[in-house]
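Encoded as structure tokens, the structure appears first; notes follow it.
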Amino acid sequence: MKEAFVSEDLNVQIIDTPIPELTAPDQILIKVVVTGTNPKDWKAIQRYKPQLEKYNGANTGDDIAGIVEQVGSSVYEFKPGDRVAAFHEMMTPAGSFAEYAIAYQHCTFHIPPTTTFEEAAALPLAAMTAAIGLYRNLGLPQPWSPPNPSPRPSDSAPLPLIIYGASSAVGFYALQFALKSNIHPLICVAGRAGNDYILPYLDKSKGDVLIDYRDGQEKVIEALKSAAPKGGPPILHAFDAVSEHGSPLQIAKVFAANPTSTTTGSTKPKVTFVLAGQKEGIPQDGSVESSITLVADAHNQDKGKEFAHVYFRYISLGLAEGWFKPHRQEVIPGGLAGVQTALENLKSGRASGVKYVLRIGETEGVTARK
């Protein structure tokens, strides 16, 4: 099969390799129709040491959309021929930059008939990151058990939530989950893609607002503070899908403006980030609960395997019912030959409100499958 390997300088070579074999009873071999891409695909290359040593590159792809080719002995939900999307286990062989990839059953879900392979490839890693951040790390109400079930806004107690980077893939999925959980006001920070992409999802009658980070740090901080419900609860929850370029400091200053009575005990502010490292402005004295959202937990037996199993199937349900939408996609031409362009675009920051996907069938020497 054809497989793409990304070097540390982002040069991509396409090599003929054997079709991977299942090594666990709950694994699934998938013929990849479309692969998604993520910033980690270029950021984390150094962690793929075995592949780097063998191929001078690594197959860093993790977002799979395709057709089930073979299933392990304990797989009970899927069969050959099924249309599926899956989150490949990061830092392991048989990733999605290839004709065939391997995923575990609990991180695989059916693609509804109304969802295309391109749309499905934009989902797995980013959507699971959003779910883990909102519900495991921030502890917000699950969407099937929302805090304010009444359809009348006047009967709904406010639960302010900052989503910083709302037009990113992770932020966009966090926004949709939060809407399903009936969390309001939603205080969304985005850039040039905000007005046309994020604003239509917001409900001004419930206090939802869109803030443009390009207005500058001080104006963003003031806008965030002003978004707190008048006479209502302070802002105690933030999902930072950017986690750099000043966003942690801005969130910290919003939390610092809260009444001191809300910064102790069970009501202390909570923020989760998608990138590790020291976060400017976030106090280290325990007055703010700060966490890092690790999507790798989806493959951890103790930390998130059951959670991932449930939420991937819930995502499939949301797609079928229409309340969960894939992030916008841009197809990079050339199949696996387009991996380098996609990763270079991600690294340079060219992506704005889009997810880069690649059709494997467009690769030279590969027969397309629809």
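Chain identifiers are assigned as A, B, and so on, following the order in which chains appear in the structure tokens; residues are numbered from 1 within each chain, and ligands are numbered from 1 in order of appearance.
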Filtered DSSP result for range 91-338 of chain A, state strand (DSSP E), as a ChimeraX atom specification: /A:100-104,108-110,161-164,186-190,209-212,237-240,270-273,289-292,329-331
What are the nearest atom pairs, with distances in Å to one decimal, for all residues of range 244-348 of chain A that come at most 12 Å from range 13-19 of chain A, using only C-alpha atoms, set out by chain and rising residue number as JSON lines?
{"residue": "A:Gly334", "atom": "CA", "partner": "A:Ile14", "partner_atom": "CA", "distance": 11.8}
{"residue": "A:Gly335", "atom": "CA", "partner": "A:Ile14", "partner_atom": "CA", "distance": 10.6}
{"residue": "A:Leu336", "atom": "CA", "partner": "A:Ile14", "partner_atom": "CA", "distance": 7.3}
{"residue": "A:Ala337", "atom": "CA", "partner": "A:Ile14", "partner_atom": "CA", "distance": 7.4}
{"residue": "A:Gly338", "atom": "CA", "partner": "A:Ile14", "partner_atom": "CA", "distance": 10.6}
{"residue": "A:Val339", "atom": "CA", "partner": "A:Gln13", "partner_atom": "CA", "distance": 9.6}
{"residue": "A:Gln340", "atom": "CA", "partner": "A:Gln13", "partner_atom": "CA", "distance": 9.1}
What would the file look like if the residues just selected were written as a short mmCIF file (atom, residue, chain, number, x, y, z; two decimals), in the first residue's frame with N, CA, C and O atoms?
data_model
loop_
_atom_site.label_atom_id
_atom_site.label_comp_id
_atom_site.auth_asym_id
_atom_site.auth_seq_id
_atom_site.Cartn_x
_atom_site.Cartn_y
_atom_site.Cartn_z
N GLY A 334 -4.34 15.94 -4.55
CA GLY A 334 -3.16 15.10 -4.69
C GLY A 334 -3.10 13.92 -3.75
O GLY A 334 -2.11 13.17 -3.75
N GLY A 335 -4.12 13.75 -2.93
CA GLY A 335 -4.10 12.63 -1.99
C GLY A 335 -2.94 12.74 -1.02
O GLY A 335 -2.69 13.82 -0.45
N LEU A 336 -2.19 11.66 -0.84
CA LEU A 336 -1.08 11.67 0.12
C LEU A 336 0.00 12.67 -0.29
O LEU A 336 0.75 13.15 0.57
N ALA A 337 0.07 13.00 -1.56
CA ALA A 337 1.04 14.00 -2.01
C ALA A 337 0.70 15.38 -1.47
O ALA A 337 1.53 16.30 -1.49
N GLY A 338 -0.53 15.56 -0.98
CA GLY A 338 -0.93 16.84 -0.42
C GLY A 338 -0.69 16.97 1.07
O GLY A 338 -0.96 18.04 1.65
N VAL A 339 -0.19 15.92 1.71
CA VAL A 339 0.05 15.99 3.16
C VAL A 339 0.99 17.13 3.51
O VAL A 339 0.76 17.90 4.45
N GLN A 340 2.06 17.27 2.74
CA GLN A 340 3.04 18.32 3.04
C GLN A 340 2.40 19.71 2.97
O GLN A 340 2.61 20.55 3.86
#
Surrounding residues of range 91-93 of chain A excluding itself and chain neighbours under 3 positions, 8 Å, only C-alpha atoms, as a PyMOL selection string: chain A and resi 47-48+51+59-60
Create the file for the chosen residues now, containing N, CA and C atoms and written as a tab-separated table (two decimals), in the first residue's frame.
chain	number	residue	atom	x	y	z
A	47	ARG	N	8.14	12.61	18.48
A	47	ARG	CA	7.72	11.54	19.40
A	47	ARG	C	7.57	10.20	18.71
A	48	TYR	N	7.71	10.17	17.39
A	48	TYR	CA	7.54	8.93	16.64
A	48	TYR	C	8.91	8.29	16.37
A	51	GLN	N	9.42	5.06	14.00
A	51	GLN	CA	9.18	5.32	12.59
A	51	GLN	C	10.26	6.24	12.01
A	59	ASN	N	4.23	8.50	9.97
A	59	ASN	CA	2.83	8.61	9.56
A	59	ASN	C	2.07	9.15	10.76
A	60	THR	N	1.88	10.46	10.80
A	60	THR	CA	1.32	11.12	11.99
A	60	THR	C	-0.19	11.30	11.91
All alpha helix (DSSP H) residues (DSSP, backbone) inside range 73-318 of chain A, as an MDAnalysis selection string: chainID A and resid 117:121 124:131 169:180 217:226 247:256 305:318
If you count only C-alpha atoms, which residues fall within 8 Å of Glu280 in chain A, apart from same-chain ones fewer than 4 positions away, as a PDB file with N, CA, C and O atoms, in the first residue's frame?
ATOM      1  N   GLY A 246      -1.396  34.821  24.262  1.00  0.00           N
ATOM      2  CA  GLY A 246      -2.069  35.711  25.195  1.00  0.00           C
ATOM      3  C   GLY A 246      -3.413  35.259  25.707  1.00  0.00           C
ATOM      4  O   GLY A 246      -3.971  35.883  26.621  1.00  0.00           O
ATOM      5  N   PRO A 248      -4.340  32.628  27.610  1.00  0.00           N
ATOM      6  CA  PRO A 248      -4.400  32.289  29.043  1.00  0.00           C
ATOM      7  C   PRO A 248      -4.417  33.518  29.946  1.00  0.00           C
ATOM      8  O   PRO A 248      -5.157  33.560  30.939  1.00  0.00           O
ATOM      9  N   LEU A 249      -3.620  34.531  29.614  1.00  0.00           N
ATOM     10  CA  LEU A 249      -3.581  35.742  30.419  1.00  0.00           C
ATOM     11  C   LEU A 249      -4.926  36.460  30.395  1.00  0.00           C
ATOM     12  O   LEU A 249      -5.397  36.956  31.430  1.00  0.00           O
TER      13      LEU A 249
END
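Counting from CA of Asn38 in chain A, the distance to CA of Pro80 in chain A is 27.3 Å.
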Long-range neighbours of range 208-219 of chain A as a ChimeraX atom specification, 9 Å cut-off, only C-alpha atoms, 6 positions minimum in chain: /A:160,165,184-192,194-195,198-199,202,227,246-247,250
Excluding Ser352 in chain A and residues on its chain fewer than 4 positions from it, collect all residues at most 8 Å away from it, counting only C-alpha atoms, and give them as a PDB file with N, CA and C atoms, in the first residue's frame.
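Wrote selection_36.pdb, looks like this:
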ATOM      1  N   SER A 167     -13.809  29.290  16.414  1.00  0.00           N
ATOM      2  CA  SER A 167     -13.879  28.902  15.004  1.00  0.00           C
ATOM      3  C   SER A 167     -12.867  27.824  14.642  1.00  0.00           C
ATOM      4  N   SER A 168     -11.997  27.458  15.583  1.00  0.00           N
ATOM      5  CA  SER A 168     -11.119  26.311  15.356  1.00  0.00           C
ATOM      6  C   SER A 168     -11.965  25.051  15.390  1.00  0.00           C
ATOM      7  N   ARG A 192     -11.254  36.133  12.071  1.00  0.00           N
ATOM      8  CA  ARG A 192     -11.916  36.508  10.827  1.00  0.00           C
ATOM      9  C   ARG A 192     -13.032  35.554  10.422  1.00  0.00           C
ATOM     10  N   ALA A 193     -13.037  34.339  10.939  1.00  0.00           N
ATOM     11  CA  ALA A 193     -14.099  33.396  10.573  1.00  0.00           C
ATOM     12  C   ALA A 193     -15.306  33.489  11.499  1.00  0.00           C
TER      13      ALA A 193
END
Spatial neighbours of Ala174 in chain A, max dist 7 Å, only C-alpha atoms, sep filter under 3 positions, as a ChimeraX atom specification: /A:130-131,170-171,177-178
CA of Tyr164 in chain A to CA of Gly349 in chain A, distance in Å rounded to a single decimal: 16.4 Å
For CA of Thr341 in chain A and CA of Val12 in chain A, the interatomic separation in Å (one decimal):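 Atom-to-atom, CA of Thr341 in chain A and CA of Val12 in chain A are spaced 9.4 Å apart.
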